[in-house]
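The next block is start.txt, given as compact mmCIF, C-alpha atoms and all ligand atoms.
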# COMPACT_ATOMS: atom_id res chain seq x y z
CA MET A 1 -12.47 -146.35 11.18
CA THR A 2 -11.12 -144.82 14.36
CA ALA A 3 -13.25 -142.30 16.18
CA GLY A 4 -11.64 -139.46 18.05
CA PRO A 5 -8.95 -136.97 17.18
CA ARG A 6 -6.76 -137.61 14.18
CA ALA A 7 -4.57 -135.50 11.94
CA PRO A 8 -6.05 -134.24 8.66
CA PHE A 9 -5.92 -136.77 5.81
CA GLY A 10 -3.27 -134.82 3.85
CA GLU A 11 -0.97 -134.93 6.84
CA ARG A 12 -1.61 -138.62 7.52
CA LEU A 13 -1.01 -139.47 3.87
CA THR A 14 2.25 -137.52 3.81
CA ALA A 15 3.42 -139.43 6.90
CA ALA A 16 2.34 -142.80 5.44
CA VAL A 17 4.13 -142.16 2.14
CA GLY A 18 7.18 -140.90 4.05
CA THR A 19 7.35 -144.16 6.00
CA ARG A 20 6.08 -146.71 3.48
CA GLY A 21 6.80 -145.16 0.09
CA PRO A 22 4.77 -143.92 -2.88
CA LEU A 23 2.28 -146.61 -3.79
CA CYS A 24 -1.46 -147.09 -3.69
CA ALA A 25 -2.12 -150.83 -3.95
CA GLY A 26 -5.46 -151.47 -5.61
CA ILE A 27 -7.69 -154.26 -4.32
CA ASP A 28 -9.88 -155.15 -7.30
CA PRO A 29 -11.29 -158.66 -6.88
CA HIS A 30 -12.13 -159.37 -10.53
CA ALA A 31 -13.89 -162.72 -11.04
CA SER A 32 -10.96 -163.76 -13.27
CA LEU A 33 -8.51 -163.09 -10.41
CA LEU A 34 -10.61 -165.10 -7.93
CA GLU A 35 -10.47 -168.00 -10.41
CA GLN A 36 -6.75 -167.54 -10.95
CA TRP A 37 -6.22 -167.67 -7.17
CA GLY A 38 -8.21 -170.94 -7.02
CA LEU A 39 -11.11 -169.30 -5.19
CA SER A 40 -14.84 -169.63 -5.74
CA VAL A 41 -16.48 -166.68 -7.49
CA ASP A 42 -18.82 -165.88 -4.63
CA ALA A 43 -18.80 -163.97 -1.35
CA LYS A 44 -16.73 -166.68 0.34
CA GLY A 45 -14.02 -166.48 -2.34
CA LEU A 46 -14.21 -162.69 -2.19
CA GLU A 47 -13.59 -162.73 1.56
CA ARG A 48 -10.53 -164.99 1.20
CA PHE A 49 -9.19 -162.70 -1.53
CA ALA A 50 -9.77 -159.55 0.52
CA MET A 51 -8.24 -160.96 3.71
CA THR A 52 -5.19 -162.21 1.79
CA CYS A 53 -4.70 -158.67 0.48
CA ALA A 54 -5.04 -157.30 4.01
CA GLU A 55 -2.38 -159.72 5.23
CA ALA A 56 -0.06 -158.79 2.37
CA PHE A 57 -0.49 -155.00 2.45
CA ALA A 58 -1.42 -153.88 5.98
CA GLY A 59 1.48 -152.00 7.51
CA GLU A 60 3.52 -152.49 4.32
CA VAL A 61 2.21 -149.97 1.78
CA ALA A 62 1.13 -146.38 2.38
CA ILE A 63 -2.43 -146.75 1.16
CA VAL A 64 -4.74 -149.35 -0.39
CA LYS A 65 -7.67 -148.75 -2.71
CA PRO A 66 -10.45 -151.33 -2.64
CA GLN A 67 -12.64 -150.93 -5.74
CA SER A 68 -16.20 -151.02 -4.43
CA ALA A 69 -17.73 -152.31 -7.68
CA PHE A 70 -16.16 -155.74 -7.26
CA PHE A 71 -17.61 -156.03 -3.74
CA GLU A 72 -21.04 -154.65 -4.70
CA ALA A 73 -21.18 -157.27 -7.47
CA HIS A 74 -21.69 -159.88 -4.72
CA GLY A 75 -24.63 -158.03 -3.16
CA SER A 76 -24.96 -157.35 0.55
CA ALA A 77 -22.55 -160.18 1.42
CA GLY A 78 -19.94 -158.49 -0.79
CA VAL A 79 -20.49 -155.11 0.86
CA ALA A 80 -20.04 -156.84 4.25
CA VAL A 81 -16.65 -158.08 3.01
CA LEU A 82 -15.73 -154.49 2.04
CA GLU A 83 -16.64 -153.36 5.57
CA LYS A 84 -14.49 -156.13 7.05
CA LEU A 85 -11.61 -155.23 4.74
CA ILE A 86 -11.74 -151.54 5.72
CA ALA A 87 -11.81 -152.47 9.41
CA SER A 88 -8.86 -154.82 9.01
CA PHE A 89 -6.56 -151.91 8.08
CA LEU A 90 -7.53 -149.94 11.17
CA ASP A 91 -4.45 -148.85 13.13
CA SER A 92 -2.16 -150.74 10.71
CA GLY A 93 -0.48 -147.57 9.47
CA THR A 94 -1.85 -148.26 5.99
CA LEU A 95 -4.62 -145.87 4.92
CA VAL A 96 -7.73 -146.93 3.01
CA LEU A 97 -9.04 -145.08 -0.04
CA ALA A 98 -12.48 -146.44 -0.91
CA ASP A 99 -12.80 -146.27 -4.69
CA VAL A 100 -16.50 -145.53 -5.01
CA LYS A 101 -16.39 -142.63 -7.52
CA ARG A 102 -19.58 -141.13 -6.23
CA GLY A 103 -21.08 -137.98 -7.70
CA ASP A 104 -24.70 -136.84 -7.47
CA ILE A 105 -26.89 -133.84 -6.72
CA GLY A 106 -25.92 -132.22 -3.44
CA SER A 107 -28.75 -133.63 -1.31
CA THR A 108 -27.93 -137.19 -2.39
CA MET A 109 -24.21 -136.51 -2.18
CA ALA A 110 -24.75 -135.73 1.50
CA ALA A 111 -25.97 -139.31 2.02
CA TYR A 112 -23.02 -140.78 0.11
CA ALA A 113 -20.73 -138.62 2.24
CA GLN A 114 -22.36 -139.95 5.40
CA ALA A 115 -21.83 -143.53 4.18
CA TYR A 116 -18.14 -143.20 3.27
CA LEU A 117 -16.89 -140.31 5.41
CA GLY A 118 -19.30 -140.32 8.36
CA GLU A 119 -18.05 -141.05 11.86
CA GLY A 120 -19.22 -144.50 12.92
CA SER A 121 -20.32 -145.62 9.44
CA PRO A 122 -19.13 -149.20 8.79
CA LEU A 123 -18.01 -148.16 5.28
CA ALA A 124 -16.13 -145.03 6.35
CA ALA A 125 -12.62 -144.95 4.91
CA ASP A 126 -9.71 -142.53 5.22
CA ALA A 127 -10.62 -141.12 1.79
CA VAL A 128 -12.91 -141.75 -1.18
CA THR A 129 -12.86 -141.11 -4.90
CA VAL A 130 -15.55 -138.73 -6.16
CA SER A 131 -16.66 -137.47 -9.55
CA PRO A 132 -17.07 -133.70 -10.01
CA TYR A 133 -18.74 -134.05 -13.39
CA LEU A 134 -22.15 -133.01 -12.02
CA GLY A 135 -20.35 -129.76 -11.24
CA PHE A 136 -17.66 -129.34 -8.59
CA GLY A 137 -20.14 -127.64 -6.24
CA SER A 138 -22.25 -130.81 -6.10
CA LEU A 139 -19.41 -132.26 -4.01
CA ASP A 140 -19.80 -129.64 -1.27
CA PRO A 141 -21.44 -132.00 1.28
CA ALA A 142 -18.57 -134.48 0.84
CA LEU A 143 -15.95 -131.73 1.07
CA ALA A 144 -17.52 -130.41 4.26
CA LEU A 145 -17.83 -133.81 5.96
CA ALA A 146 -14.35 -134.89 4.89
CA GLU A 147 -12.92 -131.72 6.40
CA ARG A 148 -14.90 -132.10 9.62
CA ASN A 149 -13.83 -135.75 10.06
CA GLU A 150 -10.21 -135.33 8.91
CA ARG A 151 -10.80 -137.59 5.91
CA GLY A 152 -9.88 -136.99 2.28
CA LEU A 153 -11.29 -136.89 -1.23
CA PHE A 154 -9.72 -137.73 -4.57
CA VAL A 155 -11.57 -135.80 -7.26
CA LEU A 156 -11.50 -137.10 -10.83
CA ALA A 157 -9.70 -134.66 -13.14
CA LEU A 158 -8.22 -136.55 -16.11
CA THR A 159 -9.15 -140.22 -16.00
CA SER A 160 -7.07 -143.02 -17.52
CA ASN A 161 -9.75 -144.24 -19.96
CA LYS A 162 -9.73 -143.15 -23.60
CA GLU A 163 -13.28 -141.74 -23.42
CA GLY A 164 -12.38 -139.18 -20.74
CA PRO A 165 -11.14 -136.32 -22.95
CA GLN A 166 -14.59 -135.84 -24.56
CA VAL A 167 -15.72 -134.29 -21.28
CA GLN A 168 -12.57 -133.55 -19.32
CA ARG A 169 -10.55 -131.77 -22.02
CA ALA A 170 -13.54 -129.80 -23.36
CA ARG A 171 -13.35 -126.03 -22.95
CA SER A 172 -15.78 -123.70 -21.26
CA GLU A 173 -17.11 -120.56 -23.01
CA GLU A 174 -14.20 -118.72 -21.39
CA GLY A 175 -11.77 -121.16 -22.99
CA VAL A 176 -10.78 -122.94 -19.76
CA VAL A 177 -10.29 -126.71 -19.97
CA VAL A 178 -12.92 -128.42 -17.79
CA ALA A 179 -10.32 -130.51 -15.94
CA GLN A 180 -8.39 -127.31 -15.11
CA THR A 181 -11.52 -125.99 -13.39
CA MET A 182 -11.51 -129.12 -11.19
CA VAL A 183 -7.82 -128.59 -10.42
CA ASP A 184 -8.43 -124.94 -9.46
CA GLU A 185 -11.42 -125.81 -7.25
CA ALA A 186 -9.39 -128.49 -5.43
CA ALA A 187 -6.49 -126.03 -5.07
CA ALA A 188 -8.81 -123.49 -3.44
CA HIS A 189 -9.73 -126.06 -0.78
CA ASN A 190 -6.08 -126.94 -0.13
CA GLU A 191 -4.79 -123.39 0.13
CA GLY A 192 -2.62 -122.88 3.19
CA ALA A 193 -2.73 -126.54 4.31
CA ALA A 194 0.57 -128.01 5.46
CA PRO A 195 2.26 -130.30 4.67
CA LEU A 196 -0.42 -131.11 2.07
CA GLY A 197 -4.15 -130.52 1.65
CA SER A 198 -6.72 -133.30 1.91
CA VAL A 199 -8.39 -132.77 -1.49
CA GLY A 200 -6.50 -134.83 -4.03
CA LEU A 201 -6.98 -135.27 -7.74
CA VAL A 202 -7.12 -138.34 -9.96
CA ILE A 203 -4.98 -138.02 -13.09
CA GLY A 204 -4.35 -141.23 -15.00
CA ALA A 205 -0.74 -142.20 -15.59
CA THR A 206 -1.81 -143.00 -19.15
CA VAL A 207 -2.95 -139.50 -20.17
CA GLY A 208 0.27 -138.14 -21.65
CA ARG A 209 1.00 -134.45 -21.18
CA THR A 210 -1.75 -133.12 -18.93
CA GLU A 211 -1.53 -129.51 -20.13
CA LEU A 212 -2.90 -128.61 -16.71
CA ASP A 213 -1.44 -126.04 -14.34
CA LEU A 214 -0.97 -128.03 -11.13
CA SER A 215 1.30 -125.49 -9.47
CA ARG A 216 -1.23 -124.33 -6.84
CA LEU A 217 -2.81 -127.74 -6.11
CA ASN A 218 -1.05 -128.37 -2.78
CA GLY A 219 -2.68 -131.81 -2.68
CA PRO A 220 -1.94 -135.43 -3.59
CA ILE A 221 -2.40 -136.82 -7.11
CA LEU A 222 -3.60 -140.40 -7.51
CA ALA A 223 -2.24 -141.87 -10.75
CA PRO A 224 -4.05 -145.06 -11.78
CA GLY A 225 -3.37 -146.77 -15.07
CA PHE A 226 -0.05 -148.06 -13.83
CA GLY A 227 0.74 -151.62 -14.88
CA ALA A 228 -2.26 -153.35 -16.48
CA GLN A 229 -3.37 -150.24 -18.42
CA GLY A 230 0.10 -149.76 -19.84
CA ALA A 231 1.71 -146.91 -17.89
CA GLY A 232 5.17 -147.43 -16.38
CA VAL A 233 7.67 -145.44 -14.33
CA ASP A 234 8.89 -143.50 -17.39
CA ASP A 235 5.37 -142.21 -17.97
CA LEU A 236 5.22 -140.74 -14.48
CA ALA A 237 7.98 -138.27 -15.31
CA LYS A 238 6.43 -137.44 -18.68
CA VAL A 239 2.95 -136.86 -17.28
CA PHE A 240 3.73 -135.22 -13.94
CA GLY A 241 7.23 -133.71 -14.25
CA ASP A 242 8.02 -131.56 -11.20
CA HIS A 243 4.86 -132.69 -9.42
CA LEU A 244 6.09 -136.28 -9.12
CA PRO A 245 6.79 -135.97 -5.36
CA HIS A 246 3.03 -135.61 -4.76
CA VAL A 247 2.03 -138.42 -7.11
CA LEU A 248 0.73 -141.69 -5.79
CA PRO A 249 0.81 -144.32 -8.53
CA ALA A 250 -2.01 -146.86 -8.24
CA SER A 251 -1.79 -150.40 -9.55
CA SER A 252 -4.27 -153.23 -9.09
CA ARG A 253 -4.22 -156.19 -11.50
CA ASP A 254 -0.50 -156.03 -12.17
CA ILE A 255 0.17 -156.61 -8.46
CA LEU A 256 -2.79 -158.89 -7.68
CA ARG A 257 -1.84 -161.41 -10.38
CA HIS A 258 1.05 -162.43 -8.09
CA GLY A 259 -1.35 -163.86 -5.45
CA PRO A 260 -2.58 -165.85 -3.65
CA ASP A 261 0.81 -166.32 -1.98
CA VAL A 262 0.99 -163.53 0.61
CA THR A 263 4.74 -162.99 0.32
CA ALA A 264 4.68 -162.95 -3.48
CA LEU A 265 1.81 -160.47 -3.41
CA ARG A 266 3.57 -158.20 -0.92
CA ASP A 267 6.87 -158.40 -2.82
CA ALA A 268 5.14 -157.46 -6.08
CA ALA A 269 3.71 -154.34 -4.44
CA LEU A 270 7.03 -153.39 -2.87
CA ARG A 271 8.83 -153.82 -6.22
CA VAL A 272 6.48 -151.32 -7.86
CA ARG A 273 6.86 -148.94 -4.92
CA ASP A 274 10.66 -149.14 -5.06
CA ALA A 275 10.73 -148.54 -8.83
CA VAL A 276 8.58 -145.43 -8.40
CA ALA A 277 10.69 -144.15 -5.51
CA ALA A 278 13.90 -144.68 -7.50
CA GLN A 279 12.44 -142.75 -10.44
CA ALA A 280 11.38 -139.89 -8.16
CA ARG A 281 14.88 -139.74 -6.63
CA GLN A 282 16.49 -139.70 -10.05
CA LEU A 283 14.38 -136.72 -11.09
CA SER A 284 14.77 -134.71 -7.90
O1 LIG B 301 -10.22 -143.57 -9.48
C1 LIG B 301 -9.55 -144.53 -9.87
O2 LIG B 301 -8.93 -145.21 -9.09
C2 LIG B 301 -9.42 -144.75 -11.32
C3 LIG B 301 -9.45 -143.61 -12.10
C4 LIG B 301 -9.03 -143.70 -13.44
O3 LIG B 301 -8.93 -142.70 -14.14
N1 LIG B 301 -8.71 -144.92 -13.94
C5 LIG B 301 -8.74 -146.07 -13.19
O4 LIG B 301 -8.37 -147.12 -13.71
N2 LIG B 301 -9.18 -146.00 -11.89
C6 LIG B 301 -9.32 -147.24 -11.08
O5 LIG B 301 -8.03 -147.78 -10.85
C7 LIG B 301 -8.07 -149.21 -10.93
C8 LIG B 301 -7.15 -149.65 -12.05
O6 LIG B 301 -6.95 -151.03 -12.00
P1 LIG B 301 -5.77 -151.75 -12.83
O7 LIG B 301 -5.92 -151.31 -14.24
O8 LIG B 301 -6.06 -153.19 -12.62
O9 LIG B 301 -4.47 -151.31 -12.21
C9 LIG B 301 -9.54 -149.59 -11.12
O10 LIG B 301 -10.10 -149.81 -9.83
C10 LIG B 301 -10.14 -148.35 -11.74
O11 LIG B 301 -11.51 -148.22 -11.42

Represent the supplied structure as structure tokens.
Amino acid sequence: MTAGPRAPFGERLTAAVGTRGPLCAGIDPHASLLEQWGLSVDAKGLERFAMTCAEAFAGEVAIVKPQSAFFEAHGSAGVAVLEKLIASFLDSGTLVLADVKRGDIGSTMAAYAQAYLGEGSPLAADAVTVSPYLGFGSLDPALALAERNERGLFVLALTSNKEGPQVQRARSEEGVVVAQTMVDEAAAHNEGAAPLGSVGLVIGATVGRTELDLSRLNGPILAPGFGAQGAGVDDLAKVFGDHLPHVLPASSRDILRHGPDVTALRDAALRVRDAVAAQARQLS
């Protein structure tokens, strides 16, 4: 991505959502979607898929989220397509959140941070998803590099899958819900940032009442699970209530199934965005 001075991620995201509305369009090139789009299930088909998404979304939605797994599945040629996709959004006004969900011991985390948040790295994106479930402190190298390079992190808190609560809703010896600890740690990093901090959380739109205190977060909330996993606009109000203005619903398959026609794909994304924005206005 661009070298040189930029605004902090939280500020850039706020501006992008202000201009282009509240939606994170997921780019998840499932083999079944490649087939449905009439593409070959190989790196060539992957590249066509990715570039079609770039054409449909660049400059149109606030942020896109390529899911790294579907690129990695094609080996080094697939990773090269991910690099090309990230570069294609450069200066488009649409930010890129690389969904890599990395989490490891600190010394290894430093290398992941360099790959996805390092200046000059071909995989560097505006933000990445990370997992704090090796302990929030294991993310320190990524937090430090993100801050230095004005990039962002989205830290898993309550994920959209049904297995998540076993870990995320467990309580510490002091009785604090594990996910609340992640919220509080992210909030500490965002304290005092304006208009919004650069350390976001991931809370699935499918999780029901979060029972988390999000009042001091001062950061964005990515809400996947929208569309294909069953969550809809009504769930956003139920799950996030007053925090809805900082929520960024994410949808992948439910939008991507409208391809390969670029206009149909773009219109599908903008329909979701408009439905979310209307719901947020109704509740404000
Ligand atoms: O971090 C994520 O984006 C994520 C977190 C989560 O709790 N649940 C979740 O589904 N995701 C991702 O969001 C996308 C959801 O895709 P769809 O179900 O097709 O909209 C996938 O790329 C998931 O890996």

**OP:** Rank nothing, just name the residue among A:Ala188, A:Cys53, A:Ala264, A:Ala228 nearest to ligand LIG 301 (chain B), using only C-alpha atoms and all ligand atoms.
**Re:** A:Ala228

Original post:
Do you know which residues are at most 6 Å from segment 20-35 of chain A counting only C-alpha atoms, after dropping those on the same chain fewer than 3 positions away, and could you put them as JSON, numbers by chain?
Top reply: {"A": [16, 17, 38, 39, 41, 61, 62, 63, 64, 65, 66, 67, 70, 248, 249, 250, 251, 252, 273]}

Non-local contacts of Val79 of chain A (12 Å; only C-alpha atoms; under 2 positions in same chain excluded) as a short mmCIF file (atom, residue, chain, number, x, y, z; two decimals) with C-alpha atoms, in the coordinates of the input:
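After the write, around_14.cif holds the following:
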data_model
loop_
_atom_site.label_atom_id
_atom_site.label_comp_id
_atom_site.auth_asym_id
_atom_site.auth_seq_id
_atom_site.Cartn_x
_atom_site.Cartn_y
_atom_site.Cartn_z
CA ALA A 43 -18.80 -163.97 -1.35
CA LEU A 46 -14.21 -162.69 -2.19
CA GLU A 47 -13.59 -162.73 1.56
CA ALA A 50 -9.77 -159.55 0.52
CA PRO A 66 -10.45 -151.33 -2.64
CA GLN A 67 -12.64 -150.93 -5.74
CA SER A 68 -16.20 -151.02 -4.43
CA ALA A 69 -17.73 -152.31 -7.68
CA PHE A 70 -16.16 -155.74 -7.26
CA PHE A 71 -17.61 -156.03 -3.74
CA GLU A 72 -21.04 -154.65 -4.70
CA ALA A 73 -21.18 -157.27 -7.47
CA HIS A 74 -21.69 -159.88 -4.72
CA GLY A 75 -24.63 -158.03 -3.16
CA SER A 76 -24.96 -157.35 0.55
CA ALA A 77 -22.55 -160.18 1.42
CA VAL A 81 -16.65 -158.08 3.01
CA LEU A 82 -15.73 -154.49 2.04
CA GLU A 83 -16.64 -153.36 5.57
CA LYS A 84 -14.49 -156.13 7.05
CA LEU A 85 -11.61 -155.23 4.74
CA ILE A 86 -11.74 -151.54 5.72
CA ALA A 98 -12.48 -146.44 -0.91
CA VAL A 100 -16.50 -145.53 -5.01
CA PRO A 122 -19.13 -149.20 8.79
CA LEU A 123 -18.01 -148.16 5.28
#

Subject >> Point-to-point distance in Å for atom CA of Arg257 of chain A and atom CA of Glu55 of chain A >> reply: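 Straight-line distance from atom CA of Glu55 of chain A to atom CA of Arg257 of chain A works out to 15.7 Å.
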
**OP:** In Å, rounded to a single decimal, give me how far atom CA of Arg151 of chain A is from atom CA of Glu191 of chain A.
**Re:**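 These two atoms are separated by 16.5 Å.
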
Would you compute, for all listed atoms of segment 4-23 of chain A, the axis-aligned bounding box grown by 8 Å on each side, and then report its centre and edge lengths in Å rounded to one decimal, as JSON?
{"center_x": -2.1, "center_y": -140.5, "center_z": 7.1, "size_x": 35.0, "size_y": 28.5, "size_z": 37.8}

Could you pull out the residues sitting within 7 Å of ligand LIG 301 (chain B), using all atoms listed in the file, and write them as a PDB file with C-alpha atoms, keeping the file's coordinate frame?
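Dumped to selection34.pdb:
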ATOM      1  CA  GLY A  26      -5.460-151.470  -5.610  1.00  0.00           C
ATOM      2  CA  ASP A  28      -9.880-155.150  -7.300  1.00  0.00           C
ATOM      3  CA  GLN A  67     -12.640-150.930  -5.740  1.00  0.00           C
ATOM      4  CA  ASP A  99     -12.800-146.270  -4.690  1.00  0.00           C
ATOM      5  CA  LYS A 101     -16.390-142.630  -7.520  1.00  0.00           C
ATOM      6  CA  THR A 129     -12.860-141.110  -4.900  1.00  0.00           C
ATOM      7  CA  LEU A 156     -11.500-137.100 -10.830  1.00  0.00           C
ATOM      8  CA  LEU A 158      -8.220-136.550 -16.110  1.00  0.00           C
ATOM      9  CA  THR A 159      -9.150-140.220 -16.000  1.00  0.00           C
ATOM     10  CA  SER A 160      -7.070-143.020 -17.520  1.00  0.00           C
ATOM     11  CA  ASN A 161      -9.750-144.240 -19.960  1.00  0.00           C
ATOM     12  CA  VAL A 202      -7.120-138.340  -9.960  1.00  0.00           C
ATOM     13  CA  ILE A 203      -4.980-138.020 -13.090  1.00  0.00           C
ATOM     14  CA  GLY A 204      -4.350-141.230 -15.000  1.00  0.00           C
ATOM     15  CA  PRO A 224      -4.050-145.060 -11.780  1.00  0.00           C
ATOM     16  CA  GLY A 225      -3.370-146.770 -15.070  1.00  0.00           C
ATOM     17  CA  PHE A 226      -0.050-148.060 -13.830  1.00  0.00           C
ATOM     18  CA  GLY A 227       0.740-151.620 -14.880  1.00  0.00           C
ATOM     19  CA  ALA A 228      -2.260-153.350 -16.480  1.00  0.00           C
ATOM     20  CA  GLN A 229      -3.370-150.240 -18.420  1.00  0.00           C
ATOM     21  CA  ALA A 250      -2.010-146.860  -8.240  1.00  0.00           C
ATOM     22  CA  SER A 251      -1.790-150.400  -9.550  1.00  0.00           C
ATOM     23  CA  SER A 252      -4.270-153.230  -9.090  1.00  0.00           C
ATOM     24  CA  ARG A 253      -4.220-156.190 -11.500  1.00  0.00           C
ATOM     25  CA  ASP A 254      -0.500-156.030 -12.170  1.00  0.00           C
TER      26      ASP A 254
END

Subject >> Interatomic distance (Å, one decimal) between atom CA of Val207 of chain A and atom CA of Leu134 of chain A >> reply: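 That distance, rounded to one decimal, is 21.8 Å.
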